[in-house]
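**Student:** Here you go, this is coords09.txt (compact mmCIF, C-alpha atoms).
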```txt
# COMPACT_ATOMS: atom_id res chain seq x y z
CA MET A 1 199.51 -47.84 -150.07
CA LYS A 2 203.02 -47.42 -151.33
CA PRO A 3 205.50 -49.27 -149.17
CA LYS A 4 207.66 -46.74 -147.48
CA ILE A 5 209.97 -49.20 -145.87
CA LYS A 6 212.79 -48.32 -148.25
CA LEU A 7 212.42 -44.70 -147.54
CA LYS A 8 212.25 -45.36 -143.83
CA ASN A 9 215.48 -47.33 -143.89
CA LYS A 10 217.22 -44.59 -145.81
CA VAL A 11 216.03 -41.99 -143.38
CA ILE A 12 217.27 -43.93 -140.41
CA GLN A 13 220.61 -44.46 -142.13
CA LEU A 14 221.02 -40.77 -142.72
CA ARG A 15 219.97 -39.92 -139.19
CA LYS A 16 222.60 -42.26 -137.83
CA LYS A 17 225.18 -40.20 -139.70
CA GLY A 18 224.07 -37.26 -137.61
CA LEU A 19 222.08 -35.29 -140.17
CA SER A 20 219.33 -32.95 -139.06
CA TYR A 21 215.71 -33.55 -140.04
CA ASN A 22 215.88 -30.70 -142.52
CA GLU A 23 218.99 -32.11 -144.15
CA ILE A 24 217.34 -35.52 -144.45
CA LEU A 25 214.27 -33.88 -145.92
CA LYS A 26 216.38 -32.51 -148.76
CA GLN A 27 217.37 -36.03 -149.80
CA VAL A 28 214.21 -38.03 -149.07
CA PRO A 29 210.83 -36.73 -150.18
CA VAL A 30 208.61 -37.54 -147.19
CA ALA A 31 206.76 -35.49 -144.62
CA LYS A 32 208.92 -34.05 -141.89
CA SER A 33 206.65 -35.52 -139.25
CA SER A 34 207.33 -39.01 -140.66
CA ILE A 35 211.06 -38.44 -140.29
CA GLY A 36 210.50 -37.48 -136.68
CA LEU A 37 208.46 -40.58 -136.05
CA TRP A 38 210.97 -42.93 -137.69
CA CYS A 39 214.04 -41.44 -136.05
CA LYS A 40 212.62 -41.16 -132.56
CA ASN A 41 214.64 -44.11 -131.38
CA VAL A 42 217.87 -43.43 -133.23
CA LYS A 43 220.59 -42.73 -130.68
CA LEU A 44 223.18 -40.15 -131.64
CA ASN A 45 226.65 -39.89 -130.15
CA ALA A 46 227.81 -36.87 -128.20
CA GLN A 47 229.61 -35.26 -131.08
CA GLN A 48 226.61 -35.54 -133.37
CA ARG A 49 224.31 -34.17 -130.68
CA LYS A 50 226.61 -31.23 -130.15
CA LYS A 51 226.69 -30.43 -133.85
CA LEU A 52 222.91 -30.52 -134.07
CA LEU A 53 222.53 -28.38 -130.96
CA ASN A 54 224.88 -25.74 -132.37
CA LYS A 55 222.90 -25.70 -135.57
CA LYS A 56 219.72 -25.24 -133.62
CA LEU A 57 221.13 -22.35 -131.61
CA GLU A 58 222.48 -20.69 -134.73
CA GLY A 59 219.06 -20.98 -136.31
CA ALA A 60 217.39 -19.48 -133.28
CA ARG A 61 219.82 -16.58 -133.33
CA LYS A 62 219.19 -15.85 -137.00
CA GLY A 63 215.48 -16.10 -136.40
CA SER A 64 215.47 -13.67 -133.54
CA ILE A 65 217.44 -11.13 -135.56
CA LYS A 66 214.97 -11.46 -138.40
CA ILE A 67 212.02 -11.04 -136.08
CA SER A 68 213.47 -8.00 -134.40
CA GLN A 69 214.07 -6.46 -137.82
CA ILE A 70 210.49 -7.13 -138.84
CA LYS A 71 209.22 -5.67 -135.59
CA LYS A 72 211.35 -2.59 -136.04
CA GLU A 73 210.00 -2.09 -139.54
CA GLN A 74 206.45 -2.54 -138.32
CA LYS A 75 207.00 -0.01 -135.58
CA GLU A 76 208.44 2.52 -137.98
CA LYS A 77 205.54 1.99 -140.33
CA LYS A 78 203.16 2.56 -137.46
CA ILE A 79 204.88 5.80 -136.51
CA GLN A 80 204.74 6.92 -140.13
CA ARG A 81 201.05 6.14 -140.27
CA ILE A 82 200.41 8.07 -137.05
CA LYS A 83 202.32 11.03 -138.45
CA GLN A 84 200.29 11.01 -141.64
CA GLU A 85 197.05 10.86 -139.73
CA VAL A 86 198.16 13.63 -137.43
CA ASN A 87 199.11 15.76 -140.42
CA LYS A 88 195.50 15.86 -141.49
CA GLU A 89 194.29 17.05 -138.09
CA PHE A 90 196.08 20.37 -138.23
CA GLN A 91 195.50 23.58 -140.05
CA THR A 92 197.86 26.51 -140.26
CA PRO A 93 197.40 28.21 -136.90
CA THR A 94 195.56 31.51 -136.72
CA SER A 95 197.20 34.34 -134.83
CA TYR A 96 194.84 33.71 -131.90
CA GLU A 97 195.93 30.09 -131.81
CA ILE A 98 199.56 31.15 -131.87
CA LYS A 99 198.81 33.41 -128.96
CA LEU A 100 197.35 30.49 -127.01
CA ILE A 101 200.24 28.19 -127.81
CA GLY A 102 202.74 30.84 -126.75
CA ALA A 103 200.88 31.50 -123.53
CA MET A 104 200.96 27.79 -122.73
CA LEU A 105 204.65 27.54 -123.50
CA TYR A 106 205.20 30.53 -121.27
CA TRP A 107 203.24 28.79 -118.54
CA GLY A 108 205.69 25.95 -118.83
CA GLU A 109 208.96 27.71 -119.38
CA GLY A 110 208.54 31.35 -118.49
CA SER A 111 209.31 33.26 -115.36
CA LYS A 112 206.30 33.82 -113.18
CA SER A 113 207.54 35.54 -110.06
CA ARG A 114 207.17 39.19 -109.34
CA GLY A 115 209.57 41.79 -110.53
CA VAL A 116 211.63 39.78 -112.98
CA GLY A 117 210.01 40.77 -116.25
CA VAL A 118 209.31 38.41 -119.10
CA ASN A 119 211.84 35.59 -119.43
CA ILE A 120 211.87 32.25 -121.18
CA SER A 121 214.56 29.64 -120.66
CA ASN A 122 215.01 26.59 -122.82
CA SER A 123 217.48 24.49 -124.72
CA ASP A 124 215.20 23.56 -127.64
CA PRO A 125 215.99 25.81 -130.62
CA LYS A 126 212.57 25.22 -132.15
CA LEU A 127 210.81 26.29 -129.01
CA ILE A 128 212.97 29.37 -128.62
CA LYS A 129 212.39 30.33 -132.25
CA PHE A 130 208.67 30.02 -131.74
CA MET A 131 208.78 32.17 -128.59
CA ILE A 132 210.77 34.90 -130.34
CA TYR A 133 208.17 34.97 -133.10
CA TRP A 134 205.46 35.06 -130.44
CA LEU A 135 207.05 37.93 -128.55
CA LYS A 136 207.52 39.96 -131.70
CA GLU A 137 204.26 39.28 -133.51
CA ILE A 138 201.76 38.63 -130.74
CA CYS A 139 203.13 40.63 -127.82
CA LYS A 140 204.44 43.36 -130.14
CA VAL A 141 207.77 43.57 -128.41
CA PRO A 142 210.27 45.71 -130.32
CA PRO A 143 212.98 43.26 -131.47
CA GLU A 144 215.84 45.39 -130.16
CA LYS A 145 214.46 45.06 -126.63
CA ILE A 146 214.86 41.31 -126.56
CA LYS A 147 217.94 40.32 -124.62
CA ALA A 148 219.52 36.94 -124.19
CA ARG A 149 221.94 35.17 -121.95
CA LEU A 150 223.31 31.67 -121.83
CA ASN A 151 223.74 29.05 -119.17
CA ILE A 152 226.67 26.86 -120.06
CA HIS A 153 229.24 24.68 -118.41
CA ALA A 154 232.82 25.57 -117.79
CA ASP A 155 234.14 23.23 -120.48
CA GLN A 156 232.03 24.73 -123.25
CA ASN A 157 232.98 27.38 -125.75
CA ASP A 158 231.07 30.53 -124.86
CA ASN A 159 231.64 32.40 -128.12
CA LYS A 160 230.77 29.52 -130.35
CA ILE A 161 227.52 28.83 -128.52
CA LYS A 162 226.63 32.50 -128.52
CA LYS A 163 227.02 32.60 -132.28
CA TYR A 164 224.92 29.47 -132.60
CA TRP A 165 222.04 31.00 -130.64
CA SER A 166 222.40 34.37 -132.27
CA ASN A 167 221.94 32.63 -135.61
CA ILE A 168 218.83 30.83 -134.47
CA THR A 169 217.17 33.67 -132.64
CA GLY A 170 218.23 36.58 -134.78
CA ILE A 171 219.25 38.38 -131.60
CA PRO A 172 222.45 40.32 -132.33
CA LEU A 173 225.53 39.25 -130.39
CA ASP A 174 225.74 42.51 -128.47
CA SER A 175 222.30 41.88 -127.00
CA PHE A 176 223.73 38.85 -125.26
CA GLY A 177 224.50 39.40 -121.62
CA LYS A 178 227.33 37.77 -119.77
CA SER A 179 226.91 34.01 -119.83
CA TYR A 180 226.34 32.16 -116.62
CA ILE A 181 229.10 29.59 -116.55
CA LYS A 182 228.48 26.72 -114.24
CA PRO A 183 231.63 25.49 -112.56
CA GLU A 184 232.69 21.90 -113.09
CA GLY A 185 230.54 19.75 -110.87
CA THR A 186 231.06 16.37 -109.34
CA GLY A 187 231.00 14.64 -112.69
CA HIS A 188 227.54 13.20 -112.23
CA ARG A 189 226.19 15.15 -115.13
CA LYS A 190 224.17 12.90 -117.40
CA ASN A 191 222.44 15.20 -119.83
CA ILE A 192 224.93 17.23 -121.71
CA LEU A 193 223.30 20.00 -123.66
CA HIS A 194 225.82 20.84 -126.30
CA ASN A 195 224.40 24.25 -126.86
CA GLY A 196 223.57 25.10 -123.29
CA VAL A 197 220.39 26.77 -122.16
CA ILE A 198 219.37 30.15 -123.45
CA ARG A 199 217.26 32.67 -121.61
CA ILE A 200 215.52 35.30 -123.66
CA GLY A 201 213.83 38.15 -121.93
CA ILE A 202 212.43 41.62 -121.85
CA GLY A 203 212.42 43.74 -118.72
CA ASP A 204 208.73 44.50 -118.99
CA GLU A 205 206.59 43.84 -115.94
CA ASN A 206 203.45 45.07 -117.66
CA LEU A 207 203.78 42.44 -120.33
CA ARG A 208 204.38 39.80 -117.69
CA HIS A 209 201.15 40.76 -115.93
CA ARG A 210 199.36 40.59 -119.26
CA ILE A 211 200.68 37.12 -120.10
CA MET A 212 199.98 35.82 -116.60
CA THR A 213 196.39 37.03 -116.89
CA TRP A 214 195.99 35.20 -120.19
CA ILE A 215 197.17 32.03 -118.52
CA LYS A 216 194.96 32.50 -115.45
CA THR A 217 191.93 33.19 -117.62
CA LEU A 218 192.57 30.12 -119.73
CA HIS A 219 192.88 27.99 -116.64
CA GLN A 220 189.65 29.36 -115.22
CA TYR A 221 187.74 28.66 -118.41
CA GLN A 222 188.97 25.11 -118.38
CA LEU A 223 188.12 24.28 -114.75
CA MET B 1 228.78 36.20 -95.25
CA LYS B 2 226.20 34.01 -96.92
CA GLN B 3 223.07 35.43 -98.42
CA TRP B 4 220.76 33.91 -95.81
CA GLN B 5 222.87 35.35 -93.00
CA LEU B 6 222.64 38.79 -94.58
CA LYS B 7 218.90 38.38 -94.87
CA ARG B 8 218.58 37.35 -91.25
CA ASP B 9 220.63 40.33 -90.09
CA ALA B 10 218.74 42.70 -92.33
CA ARG B 11 215.42 41.51 -90.95
CA ASN B 12 216.69 41.90 -87.40
CA LEU B 13 217.75 45.48 -88.06
CA ARG B 14 214.47 46.30 -89.74
CA GLN B 15 212.56 44.94 -86.77
CA GLN B 16 214.54 47.33 -84.62
CA GLY B 17 213.11 50.12 -86.74
CA LEU B 18 216.07 51.12 -88.91
CA LEU B 19 215.61 52.79 -92.27
CA TYR B 20 216.38 50.76 -95.37
CA ARG B 21 219.05 53.32 -96.17
CA GLU B 22 220.74 52.71 -92.84
CA ILE B 23 220.58 48.96 -93.22
CA ALA B 24 221.92 49.25 -96.75
CA ASN B 25 224.88 51.24 -95.50
CA LYS B 26 225.59 48.77 -92.75
CA LEU B 27 225.32 45.55 -94.72
CA GLY B 28 226.10 46.67 -98.22
CA VAL B 29 222.88 45.29 -99.66
CA ASN B 30 220.82 47.04 -102.29
CA ARG B 31 217.73 48.80 -100.97
CA THR B 32 215.43 47.04 -103.44
CA THR B 33 216.63 43.71 -102.12
CA LEU B 34 216.03 44.88 -98.56
CA GLY B 35 212.50 45.85 -99.51
CA LYS B 36 211.84 42.34 -100.77
CA TRP B 37 213.35 40.68 -97.73
CA CYS B 38 211.52 42.79 -95.21
CA GLU B 39 208.23 43.48 -96.95
CA ASP B 40 206.21 41.55 -94.36
CA ILE B 41 207.75 43.33 -91.37
CA LYS B 42 205.37 45.87 -89.91
CA LEU B 43 206.89 48.71 -87.93
CA THR B 44 205.29 49.67 -84.65
CA PRO B 45 203.54 53.07 -84.46
CA LYS B 46 206.25 54.13 -82.06
CA GLN B 47 208.95 53.35 -84.56
CA ILE B 48 207.07 55.18 -87.28
CA LYS B 49 206.65 58.27 -85.14
CA SER B 50 210.33 58.40 -84.28
CA ARG B 51 212.72 60.64 -86.21
CA GLY B 52 210.36 63.51 -86.62
CA GLY B 53 207.75 61.95 -88.87
CA ARG B 54 210.25 61.06 -91.53
CA TYR B 55 209.12 57.46 -91.57
CA ALA B 56 205.52 58.46 -91.78
CA ASN B 57 206.18 60.49 -94.92
CA VAL B 58 208.21 57.80 -96.55
CA ILE B 59 205.57 55.21 -95.83
CA LYS B 60 202.83 57.47 -97.07
CA ALA B 61 204.62 58.09 -100.35
CA ALA B 62 205.42 54.41 -100.75
CA LYS B 63 201.82 53.49 -100.11
CA ALA B 64 200.58 55.97 -102.68
CA ASN B 65 203.07 54.65 -105.20
CA HIS B 66 202.10 51.11 -104.46
CA LEU B 67 198.41 51.88 -104.89
CA LYS B 68 199.03 53.61 -108.15
CA ARG B 69 200.95 50.65 -109.45
CA GLN B 70 198.30 48.24 -108.22
CA LYS B 71 195.71 50.18 -110.20
CA GLU B 72 197.89 50.02 -113.28
CA ILE B 73 198.26 46.28 -112.89
CA GLN B 74 194.53 45.88 -112.39
CA GLU B 75 193.95 47.78 -115.60
CA ILE B 76 196.41 45.58 -117.50
CA ARG B 77 194.74 42.47 -116.12
CA LYS B 78 191.30 43.67 -117.08
CA MET B 79 192.40 44.32 -120.65
CA ALA B 80 194.28 41.04 -120.89
CA LYS B 81 191.27 39.10 -119.67
CA LYS B 82 189.23 40.43 -122.55
CA GLU B 83 191.76 39.02 -125.00
CA ILE B 84 191.01 35.42 -124.06
CA TYR B 85 187.88 33.44 -124.87
CA PRO B 86 186.68 30.04 -123.73
CA LEU B 87 188.60 27.39 -125.60
CA THR B 88 187.15 25.35 -128.40
CA ASN B 89 188.03 21.69 -128.43
CA TYR B 90 190.63 22.27 -131.11
CA GLU B 91 192.17 25.15 -129.22
CA PHE B 92 192.25 23.10 -126.05
CA LYS B 93 194.09 20.42 -127.95
CA LEU B 94 196.67 22.91 -129.22
CA ALA B 95 197.10 24.37 -125.75
CA GLY B 96 197.78 20.97 -124.22
CA ILE B 97 200.25 20.08 -126.92
CA ALA B 98 202.11 23.31 -126.26
CA LEU B 99 202.27 22.52 -122.56
CA TYR B 100 203.44 19.03 -123.27
CA TRP B 101 206.12 20.49 -125.48
CA ALA B 102 207.26 22.65 -122.61
CA GLU B 103 207.04 20.19 -119.74
CA GLY B 104 206.48 16.69 -121.04
CA ASP B 105 208.87 13.82 -121.52
CA LYS B 106 210.15 13.77 -125.04
CA THR B 107 213.04 11.34 -125.05
CA GLN B 108 211.37 8.35 -123.50
CA GLY B 109 207.98 7.34 -122.20
CA LEU B 110 204.93 9.46 -121.78
CA GLY B 111 205.08 11.61 -118.71
CA PHE B 112 204.61 15.05 -117.40
CA SER B 113 206.02 16.72 -114.34
CA ASN B 114 205.42 20.03 -112.67
CA SER B 115 205.00 21.65 -109.29
CA ASP B 116 202.24 24.07 -110.30
CA PRO B 117 198.89 22.54 -109.28
CA GLU B 118 196.93 24.67 -111.74
CA LEU B 119 199.09 23.55 -114.61
CA ILE B 120 198.76 19.92 -113.56
CA GLN B 121 194.98 20.27 -113.34
CA PHE B 122 194.87 21.71 -116.82
CA MET B 123 197.02 18.90 -118.17
CA MET B 124 195.04 16.16 -116.45
CA LYS B 125 191.89 17.49 -118.03
CA TRP B 126 193.65 17.50 -121.38
CA PHE B 127 194.90 13.93 -120.99
CA ARG B 128 191.40 12.77 -120.07
CA GLU B 129 189.32 14.74 -122.54
CA ILE B 130 191.57 15.14 -125.56
CA CYS B 131 193.76 12.06 -125.35
CA LYS B 132 190.98 9.91 -123.85
CA ILE B 133 193.32 8.10 -121.55
CA SER B 134 191.75 5.43 -119.38
CA GLU B 135 192.27 5.92 -115.66
CA LYS B 136 194.07 2.62 -115.24
CA LYS B 137 196.91 3.68 -117.49
CA MET B 138 197.89 6.60 -115.31
CA ASN B 139 200.22 6.54 -112.39
CA ALA B 140 202.09 9.20 -110.53
CA PHE B 141 204.86 9.79 -108.10
CA LEU B 142 206.18 12.75 -106.17
CA TYR B 143 209.55 14.38 -105.79
CA LEU B 144 209.79 15.83 -102.31
CA HIS B 145 212.41 17.43 -100.17
CA THR B 146 213.19 15.63 -96.98
CA GLY B 147 211.15 17.03 -94.16
CA LEU B 148 207.89 17.27 -96.07
CA ASP B 149 204.95 15.17 -94.96
CA GLU B 150 204.64 12.50 -97.64
CA LYS B 151 201.14 11.33 -96.77
CA LYS B 152 199.76 14.82 -96.73
CA MET B 153 201.38 15.67 -100.05
CA LYS B 154 200.10 12.50 -101.66
CA LYS B 155 196.58 13.32 -100.54
CA TYR B 156 196.95 16.85 -101.82
CA TRP B 157 198.15 15.76 -105.28
CA SER B 158 195.66 12.93 -105.46
CA LYS B 159 192.91 15.50 -105.01
CA ILE B 160 194.41 17.80 -107.65
CA THR B 161 194.93 15.09 -110.24
CA ASN B 162 192.04 12.77 -109.38
CA ILE B 163 194.47 9.89 -109.49
CA PRO B 164 193.61 7.49 -106.66
CA LEU B 165 196.20 7.10 -103.93
CA ASN B 166 196.90 3.47 -104.80
CA GLN B 167 198.13 4.56 -108.24
CA PHE B 168 200.88 6.61 -106.62
CA ARG B 169 204.28 4.99 -106.79
CA LYS B 170 207.21 5.41 -104.49
CA THR B 171 208.12 8.98 -103.67
CA ILE B 172 211.59 10.20 -104.50
CA PHE B 173 213.16 12.24 -101.73
CA LYS B 174 215.76 14.81 -102.51
CA GLN B 175 218.57 15.06 -100.04
CA GLU B 176 218.71 18.26 -98.10
CA GLY B 177 220.96 20.53 -100.13
CA SER B 178 223.28 23.20 -98.86
CA ALA B 179 221.70 25.96 -100.92
CA SER B 180 219.19 28.22 -99.27
CA ARG B 181 215.83 27.71 -100.85
CA LYS B 182 214.15 30.68 -102.37
CA TYR B 183 210.56 29.50 -102.64
CA ASN B 184 207.99 29.87 -99.96
CA GLN B 185 208.05 26.81 -97.72
CA ASP B 186 204.33 26.89 -97.05
CA GLN B 187 203.41 26.96 -100.68
CA TYR B 188 205.84 24.32 -101.81
CA LYS B 189 204.12 21.03 -102.31
CA GLY B 190 206.85 19.18 -104.12
CA THR B 191 206.80 18.15 -107.75
CA ILE B 192 204.54 15.54 -109.21
CA LYS B 193 205.22 13.32 -112.16
CA VAL B 194 202.29 11.81 -113.96
CA ARG B 195 203.11 8.88 -116.18
CA ILE B 196 200.97 7.23 -118.79
CA ASN B 197 201.56 3.81 -120.26
CA ASP B 198 200.63 4.26 -123.87
CA GLU B 199 203.30 4.00 -126.51
CA ASN B 200 200.94 4.87 -129.38
CA LEU B 201 199.80 8.04 -127.72
CA ARG B 202 203.41 9.02 -127.21
CA HIS B 203 204.01 8.97 -130.95
CA ILE B 204 200.78 10.83 -131.56
CA ILE B 205 201.71 13.60 -129.14
CA LEU B 206 205.24 13.86 -130.48
CA SER B 207 203.87 14.19 -134.00
CA TRP B 208 201.49 16.86 -132.78
CA ILE B 209 204.42 18.78 -131.39
CA GLU B 210 206.18 18.51 -134.74
CA GLN B 211 203.14 20.07 -136.33
CA LEU B 212 203.12 23.13 -134.14
```
I'd like the structure from this file rewritten - as structure tokens, please.

**Tutor:**
Amino acid sequence: MKPKIKLKNKVIQLRKKGLSYNEILKQVPVAKSSIGLWCKNVKLNAQQRKKLLNKKLEGARKGSIKISQIKKEQKEKKIQRIKQEVNKEFQTPTSYEIKLIGAMLYWGEGSKSRGVGVNISNSDPKLIKFMIYWLKEICKVPPEKIKARLNIHADQNDNKIKKYWSNITGIPLDSFGKSYIKPEGTGHRKNILHNGVIRIGIGDENLRHRIMTWIKTLHQYQL
Amino acid sequence: MKQWQLKRDARNLRQQGLLYREIANKLGVNRTTLGKWCEDIKLTPKQIKSRGGRYANVIKAAKANHLKRQKEIQEIRKMAKKEIYPLTNYEFKLAGIALYWAEGDKTQGLGFSNSDPELIQFMMKWFREICKISEKKMNAFLYLHTGLDEKKMKKYWSKITNIPLNQFRKTIFKQEGSASRKYNQDQYKGTIKVRINDENLRHIILSWIEQL
């Protein structure tokens, strides 16, 4: 066995100067566990201890940042993978499938009570776009019969938001009714919808009965 | 005068046997509105006979109109029913995604809330059969107005959703508001929120929605 006594003495010397195990390791080629064993009894003064502690904390901080970055990347990769898998599960919807999807969306967002006609309220432009397509293509509603109105807050710009929705829906500005402007509340509002809520509708009770029957029938089949 | 006061007065007058036209003149309320407010009030035969059979004629005409409309609606329903077929698995999946798009949580967590028991039933079936969620991962809680019987409502929703009572969390009570409520008190069972602890599924469902 090679005598390590020289190395040991050097290690202890360095430790007494307040170096960390890793710093000692750079100068003396031994196993880190040996350094630990040899320096177990070396007493450090307060200043040295403080320096080492700070180093340790700094290291921990860097480490945690690195780990959180890795985790974030892993999560994003996972979401990407899920999206790719999901992509494969879907085909372009048939018109019957579009009908079903629209009926379900209506179940969620449409008006169901008697005498109000067909109305859908939402703030999601994609959903509204889909419903307009559905009304025109599946329910065969003449486009000029589709009316809209907005629900916005007092501090929002009515005209600007109207234009925004008119662009999305293709409903001409003069088919927009008077906006419902909600007066300033108590200031507890948490969710600010920058483009308000739009309600699109047709005053057609017959169509409402038809849609409601679709929904009822679907529910019955699924019971 | 507030709307509910008008309604109360209108109903009082109707019970005394006044014509809608007369009530409309007195209170300044549209006759269609009056019809909705007072539709459950039945006039006594004596009231109907008064004023030289005028009531009787009006009621007769209204009844005939109503029947005609009912028949029309029946016809529409019959036709509409024929347009829907039992769902295939794939169609059921699409349907559930659409509902989740409409009513589900999209910004955080996986959850679904509604007050329509039929819709909740449909969704629960979807969560169980399409998403294959294990029972343990589901929990629920209710939003109720003060004054509703919490225990009774929990039992009701537990039966609808098949979520055992011990998986119901604390109910959130809404403070009594000043607004007059429009819905029927007897039918109102509060709103339920079903939550599912499954982060992966959340991303799957959100990607599904993107696909629609």

**Student:** Need to verify the contact set: Ile130 (chain B), 9 Å, only C-alpha atoms, exclusion of same-chain residues closer than 5 positions in sequence. Can you return it as JSON, numbers by chain?

**Tutor:** {"B": [89, 92, 93, 96, 125]}

**Student:** Please tabulate, as a tab-separated table, the residues of chain A that come within 8 Å of chain B, each with its closest pair of atoms and the distance in Å to one decimal, counting all atoms listed in the file and ordering rows by chain, then residue number upward.

**Tutor:**
```
residue	atom	partner	partner_atom	distance
A:Ile79	CA	B:His203	CA	6.5
A:Ile82	CA	B:Ile204	CA	6.2
A:Lys83	CA	B:Ser207	CA	5.7
A:Val86	CA	B:Trp208	CA	6.6
A:Asn87	CA	B:Gln211	CA	7.2
A:Phe90	CA	B:Gln211	CA	7.3
A:Glu97	CA	B:Glu91	CA	6.7
A:Leu100	CA	B:Ala95	CA	6.3
A:Ile101	CA	B:Ala95	CA	5.4
A:Gly102	CA	B:Ala98	CA	7.6
A:Met104	CA	B:Leu99	CA	5.4
A:Leu105	CA	B:Ala102	CA	5.6
A:Trp107	CA	B:Leu99	CA	7.5
A:Gly108	CA	B:Ala102	CA	5.3
A:Glu109	CA	B:Ala102	CA	6.2
A:Asn206	CA	B:Ile76	CA	7.1
A:His209	CA	B:Arg77	CA	6.6
A:Arg210	CA	B:Ala80	CA	5.4
A:Ile211	CA	B:Ala80	CA	7.5
A:Thr213	CA	B:Arg77	CA	5.7
A:Trp214	CA	B:Ala80	CA	6.1
A:Thr217	CA	B:Lys81	CA	6.3
A:Leu218	CA	B:Ile84	CA	7.0
A:His219	CA	B:Phe122	CA	6.6
A:Tyr221	CA	B:Pro86	CA	5.6
A:Gln222	CA	B:Phe122	CA	7.0
A:Leu223	CA	B:Phe122	CA	7.5
```

**Student:** Would you mind listing what lies within 9 Å of region 130-144 of chain A as a list in words, with all atoms listed in the file counted and same-chain residues fewer than 6 positions away left out?

**Tutor:**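 The residues satisfying every condition are Ser95, Tyr96, Ile98, Lys99, Gly102, Leu105, Tyr106, Ile120, Thr169, Gly170, Ile171, Pro172, Ser175, Ile200, Ile202, Leu207 and Ile211 of chain A.
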
**Student:** Considering all atoms listed in the file, state which residue in the set A:Ser34, A:Ser111, A:Asn41, A:Ser179 is at the smallest distance from Tyr21 (chain A).

**Tutor:**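 Comparing A:Ser34, A:Ser111, A:Asn41, A:Ser179 against Tyr21 (chain A), the winner is A:Ser34.
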
**Student:** Quick one: distance from CA of Lys137 (chain B) to CA of Arg81 (chain A) in Å, one decimal?

**Tutor:**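 It comes out at 23.3 Å.
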
**Student:** Would you compute the distance between CA of Gln16 (chain B) and CA of Lys42 (chain B)? Give it in Å to one decimal.

**Tutor:**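 Interatomic distance here is 10.7 Å.
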
**Student:** Reconstruct N, CA and C atoms of region 160-174 of chain A from the incomplete input and present them as a compact mmCIF listing (two decimals), keeping the file's coordinate frame.

**Tutor:**
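Final file, part-v2.txt:
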```txt
# COMPACT_ATOMS: atom_id res chain seq x y z
N LYS A 160 231.35 30.35 -129.32
CA LYS A 160 230.77 29.52 -130.35
C LYS A 160 229.28 29.34 -130.10
N ILE A 161 228.92 29.08 -128.85
CA ILE A 161 227.52 28.83 -128.52
C ILE A 161 226.71 30.11 -128.67
N LYS A 162 227.31 31.22 -128.33
CA LYS A 162 226.63 32.50 -128.52
C LYS A 162 226.29 32.72 -129.98
N LYS A 163 227.26 32.43 -130.84
CA LYS A 163 227.02 32.60 -132.28
C LYS A 163 225.90 31.68 -132.75
N TYR A 164 225.94 30.45 -132.24
CA TYR A 164 224.92 29.47 -132.60
C TYR A 164 223.52 30.00 -132.28
N TRP A 165 223.36 30.51 -131.06
CA TRP A 165 222.04 31.00 -130.64
C TRP A 165 221.67 32.31 -131.33
N SER A 166 222.68 33.11 -131.58
CA SER A 166 222.40 34.37 -132.27
C SER A 166 221.85 34.09 -133.66
N ASN A 167 222.42 33.06 -134.30
CA ASN A 167 221.94 32.63 -135.61
C ASN A 167 220.49 32.18 -135.57
N ILE A 168 220.17 31.40 -134.57
CA ILE A 168 218.83 30.83 -134.47
C ILE A 168 217.80 31.89 -134.12
N THR A 169 218.17 32.73 -133.16
CA THR A 169 217.17 33.67 -132.64
C THR A 169 217.12 34.97 -133.41
N GLY A 170 218.17 35.28 -134.13
CA GLY A 170 218.23 36.58 -134.78
C GLY A 170 218.52 37.70 -133.79
N ILE A 171 218.87 37.36 -132.57
CA ILE A 171 219.25 38.38 -131.60
C ILE A 171 220.72 38.71 -131.82
N PRO A 172 221.05 39.98 -132.06
CA PRO A 172 222.45 40.32 -132.33
C PRO A 172 223.35 39.99 -131.14
N LEU A 173 224.60 39.69 -131.43
CA LEU A 173 225.53 39.25 -130.39
C LEU A 173 225.66 40.25 -129.25
N ASP A 174 225.55 41.56 -129.58
CA ASP A 174 225.74 42.51 -128.47
C ASP A 174 224.52 42.64 -127.57
```
